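Have a look at data03.csv below; it lists CSV, C-alpha atoms.
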chain,number,residue,atom,x,y,z
A,30,MET,CA,31.3,36.3,5.9
A,31,ALA,CA,28.0,37.3,4.2
A,32,ASP,CA,29.0,35.5,1.0
A,33,THR,CA,29.6,32.3,3.0
A,34,ARG,CA,26.1,32.4,4.5
A,35,ARG,CA,24.5,33.0,1.1
A,36,ARG,CA,26.2,30.0,-0.4
A,37,LEU,CA,25.2,27.8,2.5
A,38,ARG,CA,21.6,28.9,2.2
A,39,SER,CA,21.6,28.3,-1.5
A,40,SER,CA,23.1,24.8,-1.2
A,41,THR,CA,20.6,24.0,1.6
A,42,VAL,CA,17.7,25.0,-0.6
A,43,VAL,CA,19.0,23.0,-3.6
A,44,LEU,CA,19.7,19.9,-1.5
A,45,GLY,CA,16.3,20.2,0.2
A,46,GLY,CA,14.5,20.6,-3.1
A,47,MET,CA,16.3,17.5,-4.5
A,48,GLY,CA,15.2,15.5,-1.5
A,49,VAL,CA,11.6,16.5,-2.1
A,50,ILE,CA,11.8,15.5,-5.7
A,51,ALA,CA,13.5,12.2,-4.9
A,52,ALA,CA,10.8,11.4,-2.3
A,53,ALA,CA,8.0,12.2,-4.8
A,54,LEU,CA,9.5,9.9,-7.4
A,55,THR,CA,10.2,6.9,-5.2
A,56,SER,CA,7.0,7.0,-3.2
A,57,CYS,CA,4.7,6.3,-6.1
A,58,GLY,CA,4.9,2.8,-7.6
A,59,SER,CA,2.7,1.3,-10.3
A,60,GLU,CA,1.4,-1.5,-8.0
A,61,PRO,CA,0.8,-1.3,-4.3
A,62,ASP,CA,2.1,-4.0,-1.9
A,63,ARG,CA,-0.6,-6.7,-1.5
A,64,ARG,CA,-1.2,-9.8,0.5
A,65,CYS,CA,-3.8,-12.5,0.1
A,66,VAL,CA,-5.8,-12.7,3.3
A,67,ASP,CA,-8.8,-14.6,4.7
A,68,ARG,CA,-11.4,-11.9,5.4
A,69,ASP,CA,-13.1,-14.3,7.9
A,70,SER,CA,-10.0,-14.7,10.0
A,71,TYR,CA,-9.7,-11.2,11.6
A,72,THR,CA,-8.5,-11.0,15.2
A,73,TYR,CA,-7.0,-8.0,17.1
A,74,GLU,CA,-3.7,-9.0,15.4
A,75,GLY,CA,-5.1,-8.6,11.9
A,76,TYR,CA,-6.2,-10.8,9.0
A,77,LYS,CA,-4.5,-14.2,8.5
A,78,VAL,CA,-2.2,-14.1,5.4
A,79,ILE,CA,-2.8,-17.1,3.2
A,80,ALA,CA,-1.3,-18.3,-0.1
A,81,ASP,CA,-1.6,-16.1,-3.1
A,82,LYS,CA,-3.2,-18.9,-5.1
A,83,ASN,CA,-6.3,-18.5,-3.0
A,84,CYS,CA,-6.9,-15.0,-4.4
A,85,SER,CA,-8.0,-14.7,-8.0
A,86,SER,CA,-4.7,-14.3,-9.9
A,87,GLY,CA,-5.6,-11.5,-12.3
A,88,SER,CA,-7.5,-9.3,-10.0
A,89,THR,CA,-5.2,-6.3,-9.8
A,90,THR,CA,-7.8,-3.9,-11.1
A,91,SER,CA,-10.2,-2.1,-8.9
A,92,GLY,CA,-13.8,-3.0,-9.0
A,93,SER,CA,-16.8,-4.0,-6.9
A,94,SER,CA,-15.4,-7.4,-6.0
A,95,TYR,CA,-11.8,-6.2,-5.0
A,96,GLY,CA,-10.4,-9.6,-6.1
A,97,LYS,CA,-12.7,-11.5,-3.7
A,98,SER,CA,-13.2,-15.2,-4.2
A,99,ARG,CA,-14.4,-18.0,-2.0
A,100,LYS,CA,-12.2,-21.1,-2.1
A,101,LYS,CA,-12.3,-24.4,-0.3
A,102,THR,CA,-9.4,-25.0,2.0
A,103,GLY,CA,-7.9,-28.4,2.8
A,104,SER,CA,-10.2,-28.8,5.9
A,105,GLY,CA,-13.3,-28.6,3.8
A,106,SER,CA,-14.3,-25.1,5.0
A,107,SER,CA,-14.2,-22.2,2.6
A,108,SER,CA,-12.2,-19.1,3.1
A,109,ASP,CA,-13.1,-15.6,2.0
A,110,ALA,CA,-9.9,-14.8,0.2
A,111,SER,CA,-9.1,-11.3,-0.9
A,112,TRP,CA,-6.2,-9.0,-1.8
A,113,TYR,CA,-5.3,-6.7,1.1
A,114,TYR,CA,-3.2,-3.7,0.1
A,115,ASP,CA,-0.5,-1.7,1.9
A,116,ALA,CA,-0.8,-3.6,5.2
A,117,ASP,CA,1.6,-4.0,8.0
A,118,VAL,CA,2.5,-7.7,8.2
A,119,ASP,CA,3.7,-9.3,11.4
A,120,GLY,CA,3.7,-13.0,12.3
A,121,GLY,CA,1.6,-14.1,9.4
A,122,ARG,CA,-1.1,-11.4,10.2
A,123,ALA,CA,-1.8,-8.3,8.1
A,124,ASP,CA,-3.4,-5.1,9.5
A,125,TYR,CA,-3.9,-1.4,8.9
A,126,GLY,CA,-4.4,-1.9,5.1
A,127,THR,CA,-7.2,-1.6,2.7
A,128,PHE,CA,-9.2,-4.0,0.4
A,129,SER,CA,-9.5,-1.2,-2.2
A,130,ARG,CA,-6.6,-1.2,-4.7
A,131,SER,CA,-7.5,2.3,-5.9
A,132,GLU,CA,-7.4,3.6,-2.3
A,133,ALA,CA,-4.0,2.0,-1.8
A,134,VAL,CA,-2.6,3.7,-4.9
A,135,ASP,CA,-4.0,7.1,-3.7
A,136,ARG,CA,-2.2,6.7,-0.4
A,137,GLY,CA,1.1,6.4,-2.3
A,138,GLY,CA,2.4,10.0,-2.2
A,139,PHE,CA,2.9,13.0,-4.4
A,140,GLY,CA,0.9,12.7,-7.6
A,141,CYS,CA,0.2,9.0,-7.3
A,142,SER,CA,-3.6,9.3,-7.8
A,143,GLY,CA,-3.2,10.4,-11.4
A,144,SER,CA,-6.1,12.9,-10.9
A,145,GLY,CA,-4.1,16.0,-11.4
A,146,SER,CA,-4.7,18.7,-14.0
A,147,SER,CA,-2.4,20.8,-16.1
A,148,GLY,CA,-3.2,24.4,-15.3
A,149,GLY,CA,-4.0,27.2,-17.7

Using the file provided, produce a representation of the structure as structure tokens.
Amino acid sequence: MADTRRRLRSSTVVLGGMGVIAAALTSCGSEPDRRCVDRDSYTYEGYKVIADKNCSSGSTTSGSSYGKSRKKTGSGSSSDASWYYDADVDGGRADYGTFSRSEAVDRGGFGCSGSGSSGG
């Protein structure tokens, strides 16, 4: 009876450890999820999601502009288009995200920030 309990505990530890490793590997991607939004369109529902072409196409790097660009829309007014990372999207509105790509990458999970050190 004691042998059965030991085996059960050992297999539980192994399976639990594998789950942690799997979660760590799958939670960290190279690019965070992003949406192009109009920063001037915020309501209690979030920012209005607009076409990706309104955001500068190559702005996946972090910097002071965060991929921000002002573009004229069809109605003659300009929109403050910017990439919005890791947001909850519902009904064409995005909320609870960040405009900082580096912050979105840091939120990713175990070891995603790349700022670890090898001990010694």

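Remark: for Val134 (chain A), the closest of the candidate residues A:Lys77, A:Tyr71, A:Asp115, A:Ser108 is A:Asp115 (distances computed over all atoms listed in the file).
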
Which residue of A:Asp117, A:Asp124, A:Asp109, A:Glu132 approaches Tyr76 (chain A) most closely, using only C-alpha atoms: A:Asp124

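Rounded to one decimal, CA of Asn83 (chain A) and CA of Asp135 (chain A) lie 25.7 Å from each other.
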
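Across the structure, CA of Asp62 (chain A) and CA of Val118 (chain A) are spaced 10.8 Å apart.
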
Computed interatomic separation between CA of Ser70 (chain A) and CA of Arg130 (chain A) (Å): 20.2 Å

Contact residues around Arg122 (chain A) with only C-alpha atoms at 12 Å, ignoring same-chain residues under 2 positions, as a list of chain:residue names: A:Arg64, A:Cys65, A:Val66, A:Asp67, A:Arg68, A:Ser70, A:Tyr71, A:Thr72, A:Tyr73, A:Glu74, A:Gly75, A:Tyr76, A:Lys77, A:Val78, A:Ile79, A:Tyr113, A:Ala116, A:Asp117, A:Val118, A:Asp119, A:Gly120, A:Asp124, A:Tyr125, A:Gly126

Could you write region 107-118 of chain A of the block just shown to a file containing N, CA and C atoms, as an mmCIF file, in the first residue's frame?
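Full text of part.cif as output:
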data_model
loop_
_atom_site.group_PDB
_atom_site.id
_atom_site.type_symbol
_atom_site.label_atom_id
_atom_site.label_comp_id
_atom_site.auth_asym_id
_atom_site.auth_seq_id
_atom_site.Cartn_x
_atom_site.Cartn_y
_atom_site.Cartn_z
ATOM 1 N N SER A 107 -8.240 63.676 -39.199
ATOM 2 C CA SER A 107 -7.099 62.787 -39.008
ATOM 3 C C SER A 107 -7.318 61.926 -37.775
ATOM 4 N N SER A 108 -6.797 60.729 -37.817
ATOM 5 C CA SER A 108 -6.894 59.837 -36.666
ATOM 6 C C SER A 108 -5.505 59.658 -36.080
ATOM 7 N N ASP A 109 -5.443 59.459 -34.792
ATOM 8 C CA ASP A 109 -4.184 59.231 -34.100
ATOM 9 C C ASP A 109 -3.994 57.719 -34.006
ATOM 10 N N ALA A 110 -3.493 57.120 -35.095
ATOM 11 C CA ALA A 110 -3.373 55.666 -35.194
ATOM 12 C C ALA A 110 -2.133 55.184 -34.468
ATOM 13 N N SER A 111 -2.297 54.088 -33.717
ATOM 14 C CA SER A 111 -1.181 53.527 -32.973
ATOM 15 C C SER A 111 -1.424 52.053 -32.707
ATOM 16 N N TRP A 112 -0.332 51.282 -32.581
ATOM 17 C CA TRP A 112 -0.457 49.872 -32.244
ATOM 18 C C TRP A 112 -0.805 49.756 -30.767
ATOM 19 N N TYR A 113 -1.768 48.888 -30.451
ATOM 20 C CA TYR A 113 -2.235 48.643 -29.087
ATOM 21 C C TYR A 113 -2.045 47.153 -28.829
ATOM 22 N N TYR A 114 -1.206 46.805 -27.870
ATOM 23 C CA TYR A 114 -0.765 45.427 -27.654
ATOM 24 C C TYR A 114 -1.546 44.722 -26.544
ATOM 25 N N ASP A 115 -1.740 43.411 -26.727
ATOM 26 C CA ASP A 115 -2.336 42.512 -25.728
ATOM 27 C C ASP A 115 -3.659 43.019 -25.174
ATOM 28 N N ALA A 116 -4.519 43.470 -26.042
ATOM 29 C CA ALA A 116 -5.805 44.027 -25.616
ATOM 30 C C ALA A 116 -6.919 42.987 -25.703
ATOM 31 N N ASP A 117 -7.954 43.200 -24.916
ATOM 32 C CA ASP A 117 -9.185 42.436 -25.061
ATOM 33 C C ASP A 117 -10.011 43.137 -26.129
ATOM 34 N N VAL A 118 -10.410 42.409 -27.169
ATOM 35 C CA VAL A 118 -11.151 43.000 -28.272
ATOM 36 C C VAL A 118 -12.576 42.456 -28.271
#
